[in-house]
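A.B. asks: Sending over input15.tsv (TSV, C-alpha atoms).
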```tsv
chain	number	residue	atom	x	y	z
A	182	MET	CA	166.09	48.63	100.98
A	183	PHE	CA	164.55	45.39	102.18
A	184	PRO	CA	160.91	46.03	101.12
A	185	ARG	CA	162.02	46.18	97.46
A	186	LEU	CA	162.52	42.41	97.62
A	187	ALA	CA	158.80	41.75	97.90
A	188	PRO	CA	157.77	42.42	94.25
A	189	ALA	CA	160.13	39.72	93.01
A	190	ALA	CA	158.85	37.35	95.66
A	191	VAL	CA	155.27	37.52	94.39
A	192	ALA	CA	156.24	37.84	90.74
A	193	PHE	CA	158.42	34.77	90.54
A	194	ALA	CA	155.75	32.84	92.37
A	195	LEU	CA	153.17	33.66	89.72
A	196	ALA	CA	155.61	33.18	86.89
A	197	ALA	CA	156.41	29.74	88.20
A	198	LEU	CA	152.80	28.73	87.72
A	199	LEU	CA	154.02	27.73	84.27
A	200	ALA	CA	156.26	24.91	85.46
A	201	SER	CA	154.69	21.46	86.18
A	202	SER	CA	151.70	19.22	87.22
A	203	SER	CA	148.12	18.75	85.86
A	204	TRP	CA	145.11	20.89	84.93
A	205	ALA	CA	143.53	19.52	81.72
A	206	GLU	CA	140.63	17.81	83.49
A	207	SER	CA	139.52	21.11	85.02
A	208	ILE	CA	139.59	23.18	81.82
A	209	VAL	CA	136.36	24.59	80.48
A	210	ALA	CA	136.73	24.61	76.67
A	211	THR	CA	135.02	27.69	75.22
A	212	SER	CA	135.40	27.26	71.46
A	213	ILE	CA	131.99	27.72	69.82
A	214	ASP	CA	132.55	25.06	67.13
A	215	PRO	CA	132.26	21.62	68.87
A	216	SER	CA	134.96	20.10	66.64
A	217	ARG	CA	137.36	22.92	67.54
A	218	GLN	CA	136.43	22.49	71.18
A	219	LYS	CA	137.49	18.83	71.02
A	220	LEU	CA	140.72	19.75	69.24
A	221	ALA	CA	141.51	22.37	71.91
A	222	ALA	CA	140.94	19.72	74.59
A	223	SER	CA	143.28	17.29	72.79
A	224	ILE	CA	146.07	19.88	72.63
A	225	SER	CA	145.54	20.78	76.27
A	226	GLN	CA	145.95	17.14	77.31
A	227	LEU	CA	149.38	17.12	75.67
A	228	LEU	CA	150.38	20.24	77.63
A	229	GLU	CA	148.93	19.34	81.02
A	230	ASP	CA	152.28	18.28	82.50
A	231	ALA	CA	153.70	21.76	81.89
A	232	ILE	CA	151.08	24.00	83.54
A	233	PRO	CA	149.92	23.37	87.14
A	234	VAL	CA	146.88	24.53	89.11
A	235	ASN	CA	148.96	24.73	92.31
A	236	TYR	CA	152.54	25.77	92.97
A	237	ASP	CA	154.59	25.82	96.18
A	238	LYS	CA	158.29	26.62	96.36
A	239	ARG	CA	160.88	27.80	98.87
A	240	GLN	CA	163.92	29.67	97.61
A	241	ASP	CA	167.02	30.24	99.73
A	242	TRP	CA	165.03	29.13	102.78
A	243	ASP	CA	167.32	28.35	105.76
A	244	ALA	CA	170.26	30.11	104.04
A	245	GLN	CA	173.20	30.74	106.36
A	246	THR	CA	176.67	32.23	106.37
A	247	GLU	CA	179.73	31.99	108.60
A	248	MET	CA	180.55	34.80	111.00
A	249	VAL	CA	183.12	35.52	113.71
A	250	VAL	CA	181.64	35.27	117.21
A	251	GLY	CA	184.75	35.65	119.32
A	252	LEU	CA	188.50	35.13	119.74
A	253	ARG	CA	190.62	32.59	121.57
A	254	THR	CA	194.34	32.61	122.31
A	255	GLU	CA	196.93	29.89	122.40
A	256	GLY	CA	200.47	30.06	123.78
A	257	HIS	CA	202.25	32.72	125.87
A	258	GLY	CA	204.23	35.89	125.31
A	259	PHE	CA	205.71	36.24	121.83
A	260	HIS	CA	204.36	32.80	120.96
A	261	THR	CA	200.74	33.74	121.54
A	262	GLU	CA	198.41	32.96	118.62
A	263	ILE	CA	194.96	34.45	118.23
A	264	HIS	CA	192.26	32.37	116.56
A	265	ARG	CA	188.82	33.52	115.51
A	266	ARG	CA	185.82	31.51	116.65
A	267	LYS	CA	183.19	31.14	113.94
A	268	LYS	CA	179.71	29.73	113.64
A	269	MET	CA	176.98	29.45	111.02
A	270	VAL	CA	174.16	31.99	111.36
A	271	ASP	CA	170.97	32.80	109.43
A	272	HIS	CA	171.68	35.26	106.65
A	273	GLY	CA	170.06	36.51	103.45
A	274	VAL	CA	166.56	36.69	102.06
A	275	TRP	CA	164.41	33.59	102.60
A	276	LYS	CA	161.46	33.31	100.21
A	277	HIS	CA	158.39	31.11	100.14
A	278	TYR	CA	155.84	31.24	97.29
A	279	ARG	CA	152.39	29.74	96.83
A	280	VAL	CA	150.21	30.19	93.75
A	281	ARG	CA	146.96	28.46	92.86
A	282	VAL	CA	144.21	28.69	90.29
A	283	VAL	CA	141.02	29.80	92.03
A	284	GLU	CA	138.21	27.27	91.48
A	285	PRO	CA	139.57	25.92	88.17
A	286	GLU	CA	136.23	24.34	87.28
A	287	ARG	CA	134.85	27.89	87.05
A	288	ASN	CA	137.88	30.12	86.43
A	289	LEU	CA	140.12	28.15	84.05
A	290	SER	CA	139.11	28.17	80.39
A	291	LEU	CA	140.76	27.30	77.09
A	292	GLN	CA	139.82	28.64	73.66
A	293	LEU	CA	141.12	27.78	70.19
A	294	THR	CA	141.30	31.29	68.75
A	295	ARG	CA	143.14	30.52	65.48
A	296	LEU	CA	143.28	27.49	63.18
A	297	GLU	CA	144.52	28.03	59.62
A	298	PRO	CA	146.73	26.37	56.96
A	299	ILE	CA	150.24	27.86	56.83
A	300	ALA	CA	152.02	25.40	54.50
A	301	PRO	CA	151.30	22.08	52.77
A	302	GLY	CA	150.57	19.59	55.54
A	303	ARG	CA	150.94	22.16	58.33
A	304	ILE	CA	148.27	24.08	60.25
A	305	GLY	CA	148.87	27.04	62.54
A	306	PHE	CA	146.90	27.47	65.75
A	307	THR	CA	146.63	29.71	68.81
A	308	LEU	CA	145.25	28.57	72.17
A	309	ARG	CA	144.20	31.08	74.81
A	310	LEU	CA	144.35	29.97	78.44
A	311	ASP	CA	142.41	32.24	80.80
A	312	ALA	CA	142.66	31.73	84.56
A	313	LYS	CA	142.12	33.51	87.86
A	314	LEU	CA	145.13	33.22	90.18
A	315	ASP	CA	145.59	33.64	93.89
A	316	ALA	CA	149.13	34.33	95.14
A	317	TRP	CA	150.82	34.38	98.53
A	318	ALA	CA	154.47	35.17	99.16
A	319	ARG	CA	156.59	35.59	102.26
A	320	ALA	CA	160.12	36.97	102.57
A	321	LYS	CA	162.21	36.83	105.76
A	322	VAL	CA	165.36	38.93	105.87
A	323	TYR	CA	168.32	38.05	108.11
A	324	GLN	CA	171.62	39.87	108.44
A	325	TYR	CA	174.35	37.84	110.17
A	326	GLY	CA	171.97	36.12	112.56
A	327	VAL	CA	169.75	39.13	113.21
A	328	HIS	CA	166.15	38.95	111.99
A	329	ILE	CA	165.56	42.26	110.21
A	330	ILE	CA	162.04	42.00	108.83
A	331	ALA	CA	159.36	39.61	107.55
A	332	LEU	CA	157.22	40.63	104.56
A	333	GLU	CA	154.02	38.89	103.54
A	334	VAL	CA	151.91	39.64	100.47
A	335	GLU	CA	148.56	38.33	99.25
A	336	GLY	CA	147.08	39.17	95.87
A	337	ASP	CA	145.02	37.96	92.94
A	338	THR	CA	145.08	38.50	89.21
A	339	ARG	CA	143.72	37.25	85.92
A	340	MET	CA	146.24	35.47	83.71
A	341	ILE	CA	145.83	35.23	79.93
A	342	LEU	CA	148.31	32.96	78.18
A	343	ASP	CA	148.35	32.76	74.36
A	344	LEU	CA	150.16	29.69	73.02
A	345	SER	CA	150.88	29.66	69.29
A	346	GLY	CA	152.03	26.60	67.41
A	347	GLU	CA	151.84	24.35	64.38
A	348	ILE	CA	150.30	20.95	63.70
A	349	GLY	CA	152.03	18.82	61.07
A	350	LEU	CA	150.06	16.00	59.40
A	351	GLN	CA	151.93	13.15	57.73
A	352	MET	CA	150.81	9.88	56.14
A	353	THR	CA	152.35	6.80	57.76
A	354	THR	CA	151.68	3.09	58.25
A	355	VAL	CA	150.16	1.48	61.32
A	356	ASP	CA	150.47	-2.32	61.50
A	357	GLY	CA	151.05	-2.40	57.76
A	358	SER	CA	147.98	-0.30	56.94
A	359	PRO	CA	147.69	3.41	56.02
A	360	GLY	CA	147.54	5.80	58.93
A	361	MET	CA	148.23	9.35	60.03
A	362	LYS	CA	150.92	10.88	62.23
A	363	VAL	CA	150.34	14.18	64.04
A	364	ASP	CA	153.26	16.48	64.88
A	365	PRO	CA	152.19	19.40	67.14
A	366	ARG	CA	154.77	21.98	68.19
A	367	ILE	CA	154.52	25.15	70.30
A	368	THR	CA	156.36	28.10	68.73
A	369	ASP	CA	155.49	31.07	70.95
A	370	ALA	CA	154.04	31.89	74.37
A	371	ARG	CA	152.78	35.31	75.41
A	372	LEU	CA	151.48	36.13	78.86
A	373	GLN	CA	149.30	38.99	80.04
A	374	LEU	CA	148.18	39.88	83.55
A	375	GLU	CA	144.99	41.83	84.01
A	376	ASP	CA	143.28	43.33	87.06
A	377	PHE	CA	146.17	42.64	89.43
A	378	HIS	CA	145.03	43.39	92.96
A	379	ILE	CA	147.09	43.42	96.17
A	380	ARG	CA	144.74	42.39	98.95
A	381	ARG	CA	147.15	42.61	101.85
A	382	VAL	CA	150.72	43.72	102.48
A	383	SER	CA	152.21	43.18	105.93
A	384	GLN	CA	154.96	45.40	107.28
A	385	ALA	CA	154.44	47.96	104.51
A	386	ARG	CA	152.62	51.24	104.01
A	387	GLY	CA	152.00	53.90	101.38
A	388	PRO	CA	154.14	53.93	98.20
A	389	LEU	CA	155.32	50.34	98.69
A	390	VAL	CA	151.87	48.98	97.81
A	391	LYS	CA	152.02	50.71	94.40
A	392	GLU	CA	155.56	49.44	93.89
A	393	LEU	CA	154.46	45.86	94.65
A	394	SER	CA	151.63	45.95	92.12
A	395	GLY	CA	153.77	47.42	89.32
A	396	GLY	CA	156.74	45.19	90.13
A	397	VAL	CA	154.68	41.99	90.02
A	398	ARG	CA	153.27	42.76	86.58
A	399	ARG	CA	156.67	43.75	85.19
A	400	VAL	CA	158.65	40.78	86.49
A	401	ILE	CA	156.06	38.14	85.53
A	402	GLU	CA	155.76	39.41	81.97
A	403	GLU	CA	159.55	39.40	81.65
A	404	GLU	CA	160.06	35.93	83.16
A	405	ALA	CA	157.08	33.90	81.94
A	406	ASN	CA	157.10	34.67	78.22
A	407	GLY	CA	158.95	33.17	75.34
A	408	PRO	CA	161.60	30.48	74.83
A	409	GLN	CA	161.81	28.98	78.31
A	410	LEU	CA	158.09	28.25	78.51
A	411	VAL	CA	157.97	27.10	74.87
A	412	GLU	CA	160.71	24.57	75.61
A	413	LYS	CA	158.83	23.18	78.63
A	414	LEU	CA	155.62	22.82	76.64
A	415	ASN	CA	157.35	21.01	73.79
A	416	ARG	CA	159.00	18.62	76.24
A	417	ALA	CA	155.53	17.80	77.57
A	418	ILE	CA	154.36	17.04	74.02
A	419	ASP	CA	157.41	14.88	73.27
A	420	LYS	CA	156.58	12.60	76.21
A	421	LYS	CA	153.22	11.74	74.63
A	422	ARG	CA	154.04	11.24	70.97
A	423	ASP	CA	152.89	7.64	71.17
A	424	ARG	CA	149.35	9.04	71.33
A	425	LEU	CA	149.77	10.87	68.02
A	426	VAL	CA	149.86	8.00	65.52
A	427	PHE	CA	146.45	6.80	64.25
A	428	SER	CA	145.08	4.09	62.03
A	429	THR	CA	142.68	5.28	59.33
A	430	ALA	CA	139.63	4.23	61.37
A	431	ASP	CA	140.89	5.92	64.54
A	432	TRP	CA	141.91	9.02	62.61
A	433	LEU	CA	138.39	9.62	61.31
A	434	LYS	CA	137.12	9.57	64.91
A	435	SER	CA	139.98	11.65	66.28
A	436	PRO	CA	139.59	15.36	67.14
A	437	TRP	CA	142.91	15.92	65.30
A	438	SER	CA	141.14	15.29	61.99
A	439	THR	CA	139.50	18.69	62.50
A	440	ALA	CA	142.86	20.29	61.62
A	441	GLN	CA	143.00	18.36	58.34
A	442	GLN	CA	139.43	19.34	57.46
```
The structure given in the file should be rewritten as structure tokens.
C.D. replies:
Amino acid sequence: MFPRLAPAAVAFALAALLASSSWAESIVATSIDPSRQKLAASISQLLEDAIPVNYDKRQDWDAQTEMVVGLRTEGHGFHTEIHRRKKMVDHGVWKHYRVRVVEPERNLSLQLTRLEPIAPGRIGFTLRLDAKLDAWARAKVYQYGVHIIALEVEGDTRMILDLSGEIGLQMTTVDGSPGMKVDPRITDARLQLEDFHIRRVSQARGPLVKELSGGVRRVIEEEANGPQLVEKLNRAIDKKRDRLVFSTADWLKSPWSTAQQ
């Protein structure tokens, strides 16, 4: 029963790669059109606080529960009272995850795969983030103070994350002169894992290795897609909206003008 905990350990570690920190400076933009390449870089800078290159987290580490370790009596005869002696002991599944992008300067790329008008003043886009990930996870299982087993897994995979969104363009005034306001918004996030490879599994043999590989792919794709990630990305954009208002002169030099063109 305990080895079945390991797939979730690795999977949630990889899924959590989409949580916080900074990566924009390491991205290799791969759009062929130079203007699109600059636009992709501008969008990535808005999202950098939501996608890290390194992740480290402990979950339920040092968890304990109370258990009876003995009895003591008070009084005599019919007035004797029995009291249970209790203490806190290690109990449950302790988990520690580490995930990192392998050599981001070589293995982390961003491509603007779609840029098209979808309504007056609004442009739809899709960004594809492609990265090679290295993952390590450890699970320690305790049952009422007794150490049952420790599981450790190492693996690597290729992550492809497609982020779809819209860019709204609106005329405004900047210091009393005409200007432009940009309103980017992420609407969808879809994650794929390719070439997942378990390099090492401690304390496990045979069918468990296949279970780990399939479980990691399944749990990550369930946990790292959709609304939760979209919300995090949009919060990252909201923190930087002061960068998205331009005077006419600055607008003509801005990569965002590519969307208008």
A.B. asks: What does the distance between CA of Ala231 in chain A and CA of Lys313 in chain A come to in Å, to one decimal place?
C.D. replies: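 Computing it gives 17.5 Å between the two atoms.
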A.B. asks: Taking 4 positions as the minimum chain separation for residues in the same chain, which residues sit within 7 Å of Gly302 in chain A when counting only C-alpha atoms? Answer as a list in words.
C.D. replies: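 Skipping anything fewer than 4 positions along the chain leaves Gly349, Leu350 and Gln351 of chain A.
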A.B. asks: Which of these, A:Ile367, A:Leu314, A:Met248, A:Met361, has the shortest distance to Glu335 in chain A once you count only C-alpha atoms?
C.D. replies: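 Comparing A:Ile367, A:Leu314, A:Met248, A:Met361 against Glu335 in chain A, the winner is A:Leu314.
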A.B. asks: List every protein, DNA or RNA residue that has an atom no more than 12 Å from (138.8, 8.4, 69.9) in the file's coordinate frame, counting all atoms listed in the file, and report them as a ChimeraX atom specification.
C.D. replies: /A:219-220,223,424-438
A.B. asks: Go through A:Leu344, A:Ala316, A:Leu289, A:Ile329 and flag the residue nearest Thr368 in chain A, using all atoms listed in the file for the distances.
C.D. replies: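 For Thr368 in chain A, the nearest of the given residues is A:Leu344.
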A.B. asks: Just how far from CA of Arg279 in chain A is CA of Asp315 in chain A, in Å to one decimal?
C.D. replies: 8.4 Å
